[in-house]
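The next block is model34.pdb, given as PDB, C-alpha atoms, pLDDT in the B column.
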ATOM      1  CA  MET A   1    -112.772-162.189  12.715  1.00 74.00           C
ATOM      2  CA  SER A   2    -110.066-160.096  14.359  1.00 90.00           C
ATOM      3  CA  GLN A   3    -108.083-161.436  17.314  1.00 94.00           C
ATOM      4  CA  VAL A   4    -109.819-158.929  19.618  1.00 94.00           C
ATOM      5  CA  GLU A   5    -113.267-160.029  18.421  1.00 90.00           C
ATOM      6  CA  LYS A   6    -112.200-163.650  18.919  1.00 93.00           C
ATOM      7  CA  ILE A   7    -111.156-162.848  22.516  1.00 95.00           C
ATOM      8  CA  LEU A   8    -114.465-161.049  23.205  1.00 92.00           C
ATOM      9  CA  THR A   9    -116.396-164.027  21.868  1.00 89.00           C
ATOM     10  CA  GLU A  10    -114.352-166.768  23.559  1.00 94.00           C
ATOM     11  CA  THR A  11    -114.493-165.095  26.988  1.00 95.00           C
ATOM     12  CA  GLY A  12    -118.259-164.579  26.831  1.00 91.00           C
ATOM     13  CA  ALA A  13    -117.968-160.796  26.997  1.00 91.00           C
ATOM     14  CA  LEU A  14    -120.847-160.219  24.564  1.00 84.00           C
ATOM     15  CA  LEU A  15    -124.131-160.769  26.383  1.00 84.00           C
ATOM     16  CA  ASN A  16    -127.613-160.830  24.845  1.00 85.00           C
ATOM     17  CA  GLY A  17    -130.803-159.823  26.666  1.00 89.00           C
ATOM     18  CA  HIS A  18    -132.327-156.512  27.829  1.00 93.00           C
ATOM     19  CA  PHE A  19    -129.841-154.226  29.531  1.00 90.00           C
ATOM     20  CA  LYS A  20    -129.746-150.784  31.109  1.00 91.00           C
ATOM     21  CA  LEU A  21    -126.409-149.344  30.046  1.00 85.00           C
ATOM     22  CA  THR A  22    -124.262-147.001  32.135  1.00 79.00           C
ATOM     23  CA  SER A  23    -125.400-144.165  29.849  1.00 80.00           C
ATOM     24  CA  GLY A  24    -129.009-144.810  30.903  1.00 86.00           C
ATOM     25  CA  ARG A  25    -129.852-146.102  27.437  1.00 89.00           C
ATOM     26  CA  HIS A  26    -131.223-149.604  26.877  1.00 93.00           C
ATOM     27  CA  GLY A  27    -129.869-152.288  24.575  1.00 89.00           C
ATOM     28  CA  ALA A  28    -130.226-155.925  23.552  1.00 89.00           C
ATOM     29  CA  GLN A  29    -126.472-156.495  23.753  1.00 87.00           C
ATOM     30  CA  TYR A  30    -124.027-155.738  26.552  1.00 85.00           C
ATOM     31  CA  MET A  31    -120.244-155.891  26.466  1.00 85.00           C
ATOM     32  CA  GLN A  32    -119.107-157.246  29.841  1.00 89.00           C
ATOM     33  CA  CYS A  33    -115.422-156.396  29.447  1.00 91.00           C
ATOM     34  CA  ALA A  34    -114.708-157.721  32.936  1.00 92.00           C
ATOM     35  CA  LYS A  35    -115.068-161.189  31.393  1.00 94.00           C
ATOM     36  CA  VAL A  36    -112.026-160.395  29.234  1.00 95.00           C
ATOM     37  CA  LEU A  37    -110.095-158.552  31.942  1.00 96.00           C
ATOM     38  CA  GLN A  38    -109.972-161.659  34.134  1.00 95.00           C
ATOM     39  CA  TYR A  39    -107.368-163.024  31.689  1.00 97.00           C
ATOM     40  CA  PRO A  40    -104.069-161.089  31.963  1.00 96.00           C
ATOM     41  CA  GLU A  41    -102.794-162.362  28.611  1.00 97.00           C
ATOM     42  CA  HIS A  42    -105.921-161.125  26.798  1.00 97.00           C
ATOM     43  CA  THR A  43    -105.859-157.812  28.650  1.00 97.00           C
ATOM     44  CA  ALA A  44    -102.192-157.257  27.803  1.00 97.00           C
ATOM     45  CA  TYR A  45    -102.846-158.096  24.143  1.00 97.00           C
ATOM     46  CA  ILE A  46    -105.784-155.677  23.873  1.00 97.00           C
ATOM     47  CA  ALA A  47    -103.851-152.938  25.692  1.00 97.00           C
ATOM     48  CA  GLN A  48    -100.985-153.367  23.222  1.00 97.00           C
ATOM     49  CA  VAL A  49    -103.411-153.091  20.285  1.00 97.00           C
ATOM     50  CA  MET A  50    -104.594-149.776  21.729  1.00 97.00           C
ATOM     51  CA  ALA A  51    -101.057-148.590  22.552  1.00 97.00           C
ATOM     52  CA  ASP A  52     -99.966-149.291  18.977  1.00 97.00           C
ATOM     53  CA  GLY A  53    -102.351-146.529  17.895  1.00 96.00           C
ATOM     54  CA  PHE A  54    -100.155-144.042  19.765  1.00 96.00           C
ATOM     55  CA  LYS A  55     -96.694-145.207  18.661  1.00 93.00           C
ATOM     56  CA  GLY A  56     -94.197-142.390  18.835  1.00 93.00           C
ATOM     57  CA  GLU A  57     -96.378-140.273  21.147  1.00 94.00           C
ATOM     58  CA  GLU A  58     -95.030-139.209  24.527  1.00 96.00           C
ATOM     59  CA  VAL A  59     -97.532-140.182  27.225  1.00 98.00           C
ATOM     60  CA  ASP A  60     -97.082-139.370  30.915  1.00 98.00           C
ATOM     61  CA  ILE A  61    -100.349-140.630  32.401  1.00 98.00           C
ATOM     62  CA  VAL A  62    -103.168-142.978  31.476  1.00 98.00           C
ATOM     63  CA  LEU A  63    -106.330-141.838  33.266  1.00 98.00           C
ATOM     64  CA  ALA A  64    -109.371-144.122  33.462  1.00 97.00           C
ATOM     65  CA  PRO A  65    -112.746-144.070  35.198  1.00 95.00           C
ATOM     66  CA  ALA A  66    -113.392-146.545  38.020  1.00 91.00           C
ATOM     67  CA  ILE A  67    -114.414-149.299  38.028  1.00 88.00           C
ATOM     68  CA  GLY A  68    -114.497-150.556  34.453  1.00 89.00           C
ATOM     69  CA  GLY A  69    -111.495-148.637  33.154  1.00 94.00           C
ATOM     70  CA  ILE A  70    -109.022-149.372  35.943  1.00 96.00           C
ATOM     71  CA  VAL A  71    -107.609-152.681  34.691  1.00 96.00           C
ATOM     72  CA  ILE A  72    -107.398-151.780  30.999  1.00 97.00           C
ATOM     73  CA  GLY A  73    -105.990-148.361  31.954  1.00 97.00           C
ATOM     74  CA  TYR A  74    -103.278-150.011  34.026  1.00 98.00           C
ATOM     75  CA  GLU A  75    -102.294-152.390  31.224  1.00 97.00           C
ATOM     76  CA  LEU A  76    -102.340-149.557  28.691  1.00 98.00           C
ATOM     77  CA  ALA A  77    -100.059-147.524  30.967  1.00 98.00           C
ATOM     78  CA  ARG A  78     -97.706-150.496  31.163  1.00 98.00           C
ATOM     79  CA  ALA A  79     -97.656-150.814  27.365  1.00 97.00           C
ATOM     80  CA  LEU A  80     -96.971-147.081  26.989  1.00 97.00           C
ATOM     81  CA  GLY A  81     -94.452-146.800  29.847  1.00 97.00           C
ATOM     82  CA  ALA A  82     -96.687-144.285  31.641  1.00 98.00           C
ATOM     83  CA  LYS A  83     -98.267-143.821  35.075  1.00 98.00           C
ATOM     84  CA  SER A  84    -101.740-145.209  35.664  1.00 98.00           C
ATOM     85  CA  MET A  85    -104.403-143.256  37.559  1.00 98.00           C
ATOM     86  CA  PHE A  86    -108.153-143.479  37.877  1.00 97.00           C
ATOM     87  CA  THR A  87    -111.087-141.262  38.689  1.00 97.00           C
ATOM     88  CA  GLU A  88    -114.035-142.156  40.902  1.00 95.00           C
ATOM     89  CA  ARG A  89    -117.532-140.889  41.502  1.00 92.00           C
ATOM     90  CA  GLU A  90    -118.040-139.037  44.738  1.00 91.00           C
ATOM     91  CA  ASP A  91    -121.590-137.877  45.430  1.00 90.00           C
ATOM     92  CA  GLY A  92    -122.406-138.577  41.778  1.00 87.00           C
ATOM     93  CA  LYS A  93    -119.544-136.437  40.413  1.00 91.00           C
ATOM     94  CA  MET A  94    -116.415-137.815  38.765  1.00 92.00           C
ATOM     95  CA  THR A  95    -113.367-136.817  40.817  1.00 92.00           C
ATOM     96  CA  LEU A  96    -109.646-137.433  41.171  1.00 94.00           C
ATOM     97  CA  ARG A  97    -108.970-138.887  44.635  1.00 92.00           C
ATOM     98  CA  ARG A  98    -106.470-141.034  46.551  1.00 93.00           C
ATOM     99  CA  GLY A  99    -103.731-138.426  46.333  1.00 91.00           C
ATOM    100  CA  PHE A 100    -103.438-138.702  42.549  1.00 95.00           C
ATOM    101  CA  GLU A 101    -101.979-135.568  40.991  1.00 96.00           C
ATOM    102  CA  ILE A 102    -101.891-134.585  37.349  1.00 97.00           C
ATOM    103  CA  PRO A 103     -99.104-132.050  36.771  1.00 97.00           C
ATOM    104  CA  LYS A 104     -99.893-129.112  34.517  1.00 97.00           C
ATOM    105  CA  GLY A 105     -98.798-129.950  30.971  1.00 97.00           C
ATOM    106  CA  ALA A 106     -98.837-133.730  31.556  1.00 98.00           C
ATOM    107  CA  ARG A 107     -99.570-135.676  28.387  1.00 98.00           C
ATOM    108  CA  VAL A 108    -102.604-137.826  29.188  1.00 98.00           C
ATOM    109  CA  ILE A 109    -104.471-140.621  27.434  1.00 98.00           C
ATOM    110  CA  ILE A 110    -107.950-141.464  28.692  1.00 98.00           C
ATOM    111  CA  ALA A 111    -108.691-145.210  28.806  1.00 98.00           C
ATOM    112  CA  GLU A 112    -112.143-146.793  28.850  1.00 96.00           C
ATOM    113  CA  ASP A 113    -113.487-150.305  28.731  1.00 94.00           C
ATOM    114  CA  VAL A 114    -116.750-149.657  26.836  1.00 91.00           C
ATOM    115  CA  VAL A 115    -118.232-146.531  25.286  1.00 90.00           C
ATOM    116  CA  THR A 116    -121.850-146.011  24.209  1.00 83.00           C
ATOM    117  CA  THR A 117    -122.316-142.220  24.359  1.00 86.00           C
ATOM    118  CA  GLY A 118    -118.929-141.137  25.712  1.00 90.00           C
ATOM    119  CA  GLY A 119    -120.439-139.483  28.786  1.00 91.00           C
ATOM    120  CA  SER A 120    -118.026-140.939  31.354  1.00 92.00           C
ATOM    121  CA  THR A 121    -115.106-140.390  28.992  1.00 95.00           C
ATOM    122  CA  ARG A 122    -115.998-136.707  28.664  1.00 96.00           C
ATOM    123  CA  GLU A 123    -116.173-136.414  32.468  1.00 95.00           C
ATOM    124  CA  VAL A 124    -112.672-137.886  32.799  1.00 97.00           C
ATOM    125  CA  MET A 125    -111.390-135.621  30.020  1.00 97.00           C
ATOM    126  CA  ALA A 126    -112.801-132.607  31.880  1.00 97.00           C
ATOM    127  CA  ILE A 127    -110.891-133.595  35.026  1.00 97.00           C
ATOM    128  CA  ALA A 128    -107.637-133.897  33.062  1.00 97.00           C
ATOM    129  CA  LYS A 129    -108.244-130.477  31.481  1.00 97.00           C
ATOM    130  CA  GLU A 130    -109.058-128.914  34.880  1.00 96.00           C
ATOM    131  CA  HIS A 131    -105.568-129.965  35.986  1.00 96.00           C
ATOM    132  CA  GLY A 132    -103.977-128.410  32.894  1.00 97.00           C
ATOM    133  CA  ALA A 133    -103.204-131.698  31.136  1.00 98.00           C
ATOM    134  CA  ASP A 134    -102.681-132.060  27.416  1.00 98.00           C
ATOM    135  CA  ILE A 135    -105.035-134.834  26.265  1.00 98.00           C
ATOM    136  CA  VAL A 136    -103.154-136.878  23.684  1.00 97.00           C
ATOM    137  CA  GLY A 137    -106.149-139.092  22.932  1.00 98.00           C
ATOM    138  CA  VAL A 138    -108.634-141.685  24.094  1.00 98.00           C
ATOM    139  CA  CYS A 139    -108.262-145.469  24.028  1.00 97.00           C
ATOM    140  CA  ILE A 140    -111.376-147.621  24.171  1.00 97.00           C
ATOM    141  CA  MET A 141    -111.477-151.354  24.517  1.00 96.00           C
ATOM    142  CA  VAL A 142    -114.971-151.615  22.941  1.00 94.00           C
ATOM    143  CA  ASP A 143    -116.561-148.767  20.974  1.00 94.00           C
ATOM    144  CA  ARG A 144    -120.306-149.495  20.700  1.00 88.00           C
ATOM    145  CA  THR A 145    -120.768-146.591  18.247  1.00 91.00           C
ATOM    146  CA  GLY A 146    -118.993-148.244  15.334  1.00 91.00           C
ATOM    147  CA  GLY A 147    -116.520-145.376  15.101  1.00 91.00           C
ATOM    148  CA  GLN A 148    -119.129-142.600  15.207  1.00 92.00           C
ATOM    149  CA  LEU A 149    -118.014-141.107  18.522  1.00 92.00           C
ATOM    150  CA  ASP A 150    -116.257-137.729  18.244  1.00 94.00           C
ATOM    151  CA  LEU A 151    -114.487-136.583  21.392  1.00 95.00           C
ATOM    152  CA  GLY A 152    -112.394-133.922  19.676  1.00 95.00           C
ATOM    153  CA  VAL A 153    -109.148-135.878  20.117  1.00 97.00           C
ATOM    154  CA  LYS A 154    -107.533-138.919  18.540  1.00 97.00           C
ATOM    155  CA  LEU A 155    -109.559-142.008  19.405  1.00 97.00           C
ATOM    156  CA  VAL A 156    -108.260-145.575  19.166  1.00 97.00           C
ATOM    157  CA  SER A 157    -110.443-148.588  19.880  1.00 96.00           C
ATOM    158  CA  ALA A 158    -109.448-152.236  20.056  1.00 96.00           C
ATOM    159  CA  TYR A 159    -112.904-153.257  18.816  1.00 95.00           C
ATOM    160  CA  SER A 160    -115.550-151.086  17.190  1.00 94.00           C
ATOM    161  CA  LYS A 161    -119.050-152.145  16.195  1.00 90.00           C
ATOM    162  CA  ALA A 162    -122.324-150.246  15.973  1.00 90.00           C
ATOM    163  CA  ILE A 163    -124.476-151.877  18.660  1.00 85.00           C
ATOM    164  CA  ALA A 164    -127.992-150.449  18.861  1.00 87.00           C
ATOM    165  CA  SER A 165    -129.102-148.682  22.007  1.00 88.00           C
ATOM    166  CA  TYR A 166    -132.326-146.862  22.790  1.00 92.00           C
ATOM    167  CA  GLU A 167    -133.699-144.133  25.012  1.00 94.00           C
ATOM    168  CA  PRO A 168    -135.813-145.896  27.656  1.00 94.00           C
ATOM    169  CA  ASP A 169    -139.105-144.508  26.316  1.00 94.00           C
ATOM    170  CA  GLU A 170    -138.233-145.747  22.797  1.00 94.00           C
ATOM    171  CA  CYS A 171    -136.919-149.194  23.782  1.00 95.00           C
ATOM    172  CA  PRO A 172    -138.593-152.020  21.833  1.00 94.00           C
ATOM    173  CA  LEU A 173    -137.538-154.505  24.536  1.00 92.00           C
ATOM    174  CA  CYS A 174    -139.405-152.506  27.192  1.00 92.00           C
ATOM    175  CA  LYS A 175    -142.454-152.429  24.915  1.00 93.00           C
ATOM    176  CA  GLU A 176    -142.255-156.238  24.704  1.00 93.00           C
ATOM    177  CA  GLY A 177    -142.250-156.340  28.516  1.00 92.00           C
ATOM    178  CA  LEU A 178    -138.862-158.055  28.773  1.00 90.00           C
ATOM    179  CA  PRO A 179    -137.223-157.736  32.201  1.00 91.00           C
ATOM    180  CA  ILE A 180    -134.217-155.419  32.295  1.00 93.00           C
ATOM    181  CA  VAL A 181    -130.811-156.063  33.879  1.00 88.00           C
ATOM    182  CA  LYS A 182    -128.212-153.448  34.872  1.00 85.00           C
ATOM    183  CA  PRO A 183    -124.817-155.194  34.887  1.00 76.00           C
ATOM    184  CA  GLY A 184    -122.620-152.060  34.842  1.00 65.00           C
ATOM    185  CA  SER A 185    -120.630-150.525  37.687  1.00 58.00           C
ATOM    186  CA  ARG A 186    -122.153-147.025  37.851  1.00 54.00           C
ATOM    187  CA  ASN A 187    -123.412-146.313  41.388  1.00 52.00           C
ATOM    188  CA  ILE A 188    -120.971-148.763  42.971  1.00 43.00           C
TER     189      ILE A 188
END

Could I get this file's structure written as C-alpha cells?
Amino acid sequence: MSQVEKILTETGALLNGHFKLTSGRHGAQYMQCAKVLQYPEHTAYIAQVMADGFKGEEVDIVLAPAIGGIVIGYELARALGAKSMFTEREDGKMTLRRGFEIPKGARVIIAEDVVTTGGSTREVMAIAKEHGADIVGVCIMVDRTGGQLDLGVKLVSAYSKAIASYEPDECPLCKEGLPIVKPGSRNI
C-alpha cells in the first residue's frame, strides 16, 4: 500500500454506499477528499507527490475548480512556488472571478481533488486557454479512472484506481432500490 493510499484509508476518505457523483454518474464508492484535506501534513505530502511529477517545469499558476480543488491547488502551488487561483460556477458555468487574472502565456497547471470523467477539469482547462495560458499539465489527487483519462496534456495523480461508476439508468444500486446520497460540492 502506497503512503497516499494509506492516508486515504486512515482518514476515512473512501466511502462505500450509493452515491451520485459530480459527473452525474452513480457509484458504490466515493472519495471524500475533504476528509484528507483537513490534515495539513497529509495535504502537503500529497501535493508534493503531485509536484514531483513536474520537477524542472516552470509553473506560474495553479488553477483549480471550487470547492474541492481549492485546498489541494493551494498546497500544490506552494510546492511548485507558483500562484494559486480557483474558478467558480456562476449560473451553472465555470468562470474566473474575484479579480483573478491569467496573463497570456502563463504556464498553468490545473489541480483537482477527484476525477471521474474529467468534465470539471476540461471546463477549467478551457478557461485557462481562453486567457491564452499554456497548460503544462493536470494534477489530480484521486484519479477514479485508473489512469484511463486522456486530457491531451501531461497528467499526474497522487492515487489512481479504477472505481466503477454507472450512468443513472444503468446503475445496479438504483435497480436494487438503495437510497442515493450526493456528497459532492457541485451546486454549492

Residues within 8 Å of A:Tyr30, all atoms listed in the file, excluding chain neighbours under 3 positions, as a list of chain:residue names: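 Those residues are A:Ala13, A:Leu14, A:Leu15, A:Asn16, A:Gly17, A:Phe19, A:Leu21, A:Gly27.
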
Using all atoms listed in the file: which of A:Gly105, A:Gly146, A:Gly56, A:Pro168 has the shortest distance to A:Glu130: A:Gly105

Output check: residues returned by the PyMOL selection byres ((chain A and resi 143) around 6), as a ChimeraX atom specification: /A:114-115,142,144-145,160

Which residues fall under the PyMOL selection byres ((chain A and resi 47) around 7) in this file, as a PDB file with C-alpha atoms, keeping the file's coordinate frame?
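Dumped everything to out_6.pdb:
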ATOM      1  CA  THR A  43    -105.859-157.812  28.650  1.00 97.00           C
ATOM      2  CA  ALA A  44    -102.192-157.257  27.803  1.00 97.00           C
ATOM      3  CA  TYR A  45    -102.846-158.096  24.143  1.00 97.00           C
ATOM      4  CA  ILE A  46    -105.784-155.677  23.873  1.00 97.00           C
ATOM      5  CA  GLN A  48    -100.985-153.367  23.222  1.00 97.00           C
ATOM      6  CA  VAL A  49    -103.411-153.091  20.285  1.00 97.00           C
ATOM      7  CA  MET A  50    -104.594-149.776  21.729  1.00 97.00           C
ATOM      8  CA  ALA A  51    -101.057-148.590  22.552  1.00 97.00           C
ATOM      9  CA  ILE A  72    -107.398-151.780  30.999  1.00 97.00           C
ATOM     10  CA  GLU A  75    -102.294-152.390  31.224  1.00 97.00           C
ATOM     11  CA  LEU A  76    -102.340-149.557  28.691  1.00 98.00           C
ATOM     12  CA  ALA A  79     -97.656-150.814  27.365  1.00 97.00           C
TER      13      ALA A  79
END

Chain and number of each residue from the PyMOL selection byres ((chain A and resi 73) around 8), as a list in words: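 With the shown file as input, the PyMOL selection byres ((chain A and resi 73) around 8) matches Val62, Leu63, Ala64, Gly69, Ile70, Val71, Ile72, Tyr74, Glu75, Leu76, Ala77, Ser84, Met85, Phe86, Ile110, Ala111 and Glu112 of chain A.
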
Nearest-residue call for A:Thr95, choices A:Leu80, A:Val124, A:Val108, A:Ile163, using all atoms listed in the file: A:Val124

Residue neighbourhood stretch 4-9 of chain A, 8 Å, all atoms listed in the file, exclusion window fewer than 2 positions, as a list in words: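 Result of the neighbour search: Met1, Ser2, Thr11, Gly12, Ala13, Leu14, Cys33, Val36, His42, Ile46, Ala158 and Tyr159 of chain A.
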
Extract stretch 132-148 of chain A from the structure I just pasted (atoms: N, CA, C and O atoms) and return it as a PDB file, in the first residue's frame.
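Below you can see out_38.pdb, which holds the result:
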ATOM      1  N   GLY A 132      -5.326  32.573 -22.855  1.00  0.00           N
ATOM      2  CA  GLY A 132      -4.052  32.469 -23.556  1.00  0.00           C
ATOM      3  C   GLY A 132      -2.963  31.758 -22.766  1.00  0.00           C
ATOM      4  O   GLY A 132      -1.774  31.910 -23.073  1.00  0.00           O
ATOM      5  N   ALA A 133      -3.343  30.994 -21.764  1.00  0.00           N
ATOM      6  CA  ALA A 133      -2.361  30.266 -20.951  1.00  0.00           C
ATOM      7  C   ALA A 133      -1.814  29.055 -21.694  1.00  0.00           C
ATOM      8  O   ALA A 133      -2.462  28.505 -22.583  1.00  0.00           O
ATOM      9  N   ASP A 134      -0.631  28.663 -21.287  1.00  0.00           N
ATOM     10  CA  ASP A 134      -0.006  27.428 -21.757  1.00  0.00           C
ATOM     11  C   ASP A 134      -0.239  26.401 -20.658  1.00  0.00           C
ATOM     12  O   ASP A 134       0.286  26.545 -19.549  1.00  0.00           O
ATOM     13  N   ILE A 135      -1.042  25.380 -20.923  1.00  0.00           N
ATOM     14  CA  ILE A 135      -1.335  24.371 -19.900  1.00  0.00           C
ATOM     15  C   ILE A 135      -0.198  23.355 -19.868  1.00  0.00           C
ATOM     16  O   ILE A 135       0.011  22.590 -20.804  1.00  0.00           O
ATOM     17  N   VAL A 136       0.534  23.388 -18.767  1.00  0.00           N
ATOM     18  CA  VAL A 136       1.678  22.498 -18.560  1.00  0.00           C
ATOM     19  C   VAL A 136       1.203  21.083 -18.277  1.00  0.00           C
ATOM     20  O   VAL A 136       1.826  20.112 -18.693  1.00  0.00           O
ATOM     21  N   GLY A 137       0.100  20.956 -17.533  1.00  0.00           N
ATOM     22  CA  GLY A 137      -0.428  19.646 -17.192  1.00  0.00           C
ATOM     23  C   GLY A 137      -1.552  19.744 -16.186  1.00  0.00           C
ATOM     24  O   GLY A 137      -2.007  20.828 -15.837  1.00  0.00           O
ATOM     25  N   VAL A 138      -1.969  18.567 -15.732  1.00  0.00           N
ATOM     26  CA  VAL A 138      -3.051  18.432 -14.764  1.00  0.00           C
ATOM     27  C   VAL A 138      -2.555  17.565 -13.622  1.00  0.00           C
ATOM     28  O   VAL A 138      -1.936  16.523 -13.850  1.00  0.00           O
ATOM     29  N   CYS A 139      -2.846  17.989 -12.396  1.00  0.00           N
ATOM     30  CA  CYS A 139      -2.543  17.202 -11.201  1.00  0.00           C
ATOM     31  C   CYS A 139      -3.851  16.826 -10.525  1.00  0.00           C
ATOM     32  O   CYS A 139      -4.697  17.687 -10.280  1.00  0.00           O
ATOM     33  N   ILE A 140      -3.987  15.547 -10.237  1.00  0.00           N
ATOM     34  CA  ILE A 140      -5.209  15.028  -9.613  1.00  0.00           C
ATOM     35  C   ILE A 140      -4.832  14.298  -8.339  1.00  0.00           C
ATOM     36  O   ILE A 140      -3.936  13.451  -8.346  1.00  0.00           O
ATOM     37  N   MET A 141      -5.526  14.615  -7.290  1.00  0.00           N
ATOM     38  CA  MET A 141      -5.319  13.915  -6.033  1.00  0.00           C
ATOM     39  C   MET A 141      -5.756  12.449  -6.172  1.00  0.00           C
ATOM     40  O   MET A 141      -4.999  11.543  -5.866  1.00  0.00           O
ATOM     41  N   VAL A 142      -6.984  12.218  -6.642  1.00  0.00           N
ATOM     42  CA  VAL A 142      -7.515  10.865  -6.831  1.00  0.00           C
ATOM     43  C   VAL A 142      -8.096  10.743  -8.231  1.00  0.00           C
ATOM     44  O   VAL A 142      -9.045  11.441  -8.583  1.00  0.00           O
ATOM     45  N   ASP A 143      -7.527   9.844  -9.011  1.00  0.00           N
ATOM     46  CA  ASP A 143      -7.999   9.546 -10.372  1.00  0.00           C
ATOM     47  C   ASP A 143      -8.822   8.270 -10.300  1.00  0.00           C
ATOM     48  O   ASP A 143      -8.282   7.179 -10.132  1.00  0.00           O
ATOM     49  N   ARG A 144     -10.148   8.403 -10.421  1.00  0.00           N
ATOM     50  CA  ARG A 144     -11.053   7.244 -10.344  1.00  0.00           C
ATOM     51  C   ARG A 144     -11.052   6.407 -11.629  1.00  0.00           C
ATOM     52  O   ARG A 144     -11.724   5.390 -11.684  1.00  0.00           O
ATOM     53  N   THR A 145     -10.321   6.837 -12.660  1.00  0.00           N
ATOM     54  CA  THR A 145     -10.323   6.107 -13.927  1.00  0.00           C
ATOM     55  C   THR A 145      -9.222   5.051 -14.009  1.00  0.00           C
ATOM     56  O   THR A 145      -9.146   4.325 -14.990  1.00  0.00           O
ATOM     57  N   GLY A 146      -8.352   5.015 -13.024  1.00  0.00           N
ATOM     58  CA  GLY A 146      -7.249   4.058 -13.076  1.00  0.00           C
ATOM     59  C   GLY A 146      -6.240   4.387 -14.152  1.00  0.00           C
ATOM     60  O   GLY A 146      -5.613   3.497 -14.724  1.00  0.00           O
ATOM     61  N   GLY A 147      -6.095   5.680 -14.458  1.00  0.00           N
ATOM     62  CA  GLY A 147      -5.119   6.105 -15.457  1.00  0.00           C
ATOM     63  C   GLY A 147      -5.654   6.121 -16.880  1.00  0.00           C
ATOM     64  O   GLY A 147      -4.887   6.310 -17.819  1.00  0.00           O
ATOM     65  N   GLN A 148      -6.944   5.963 -17.057  1.00  0.00           N
ATOM     66  CA  GLN A 148      -7.531   5.915 -18.402  1.00  0.00           C
ATOM     67  C   GLN A 148      -7.955   7.275 -18.941  1.00  0.00           C
ATOM     68  O   GLN A 148      -8.335   7.389 -20.099  1.00  0.00           O
TER      69      GLN A 148
END
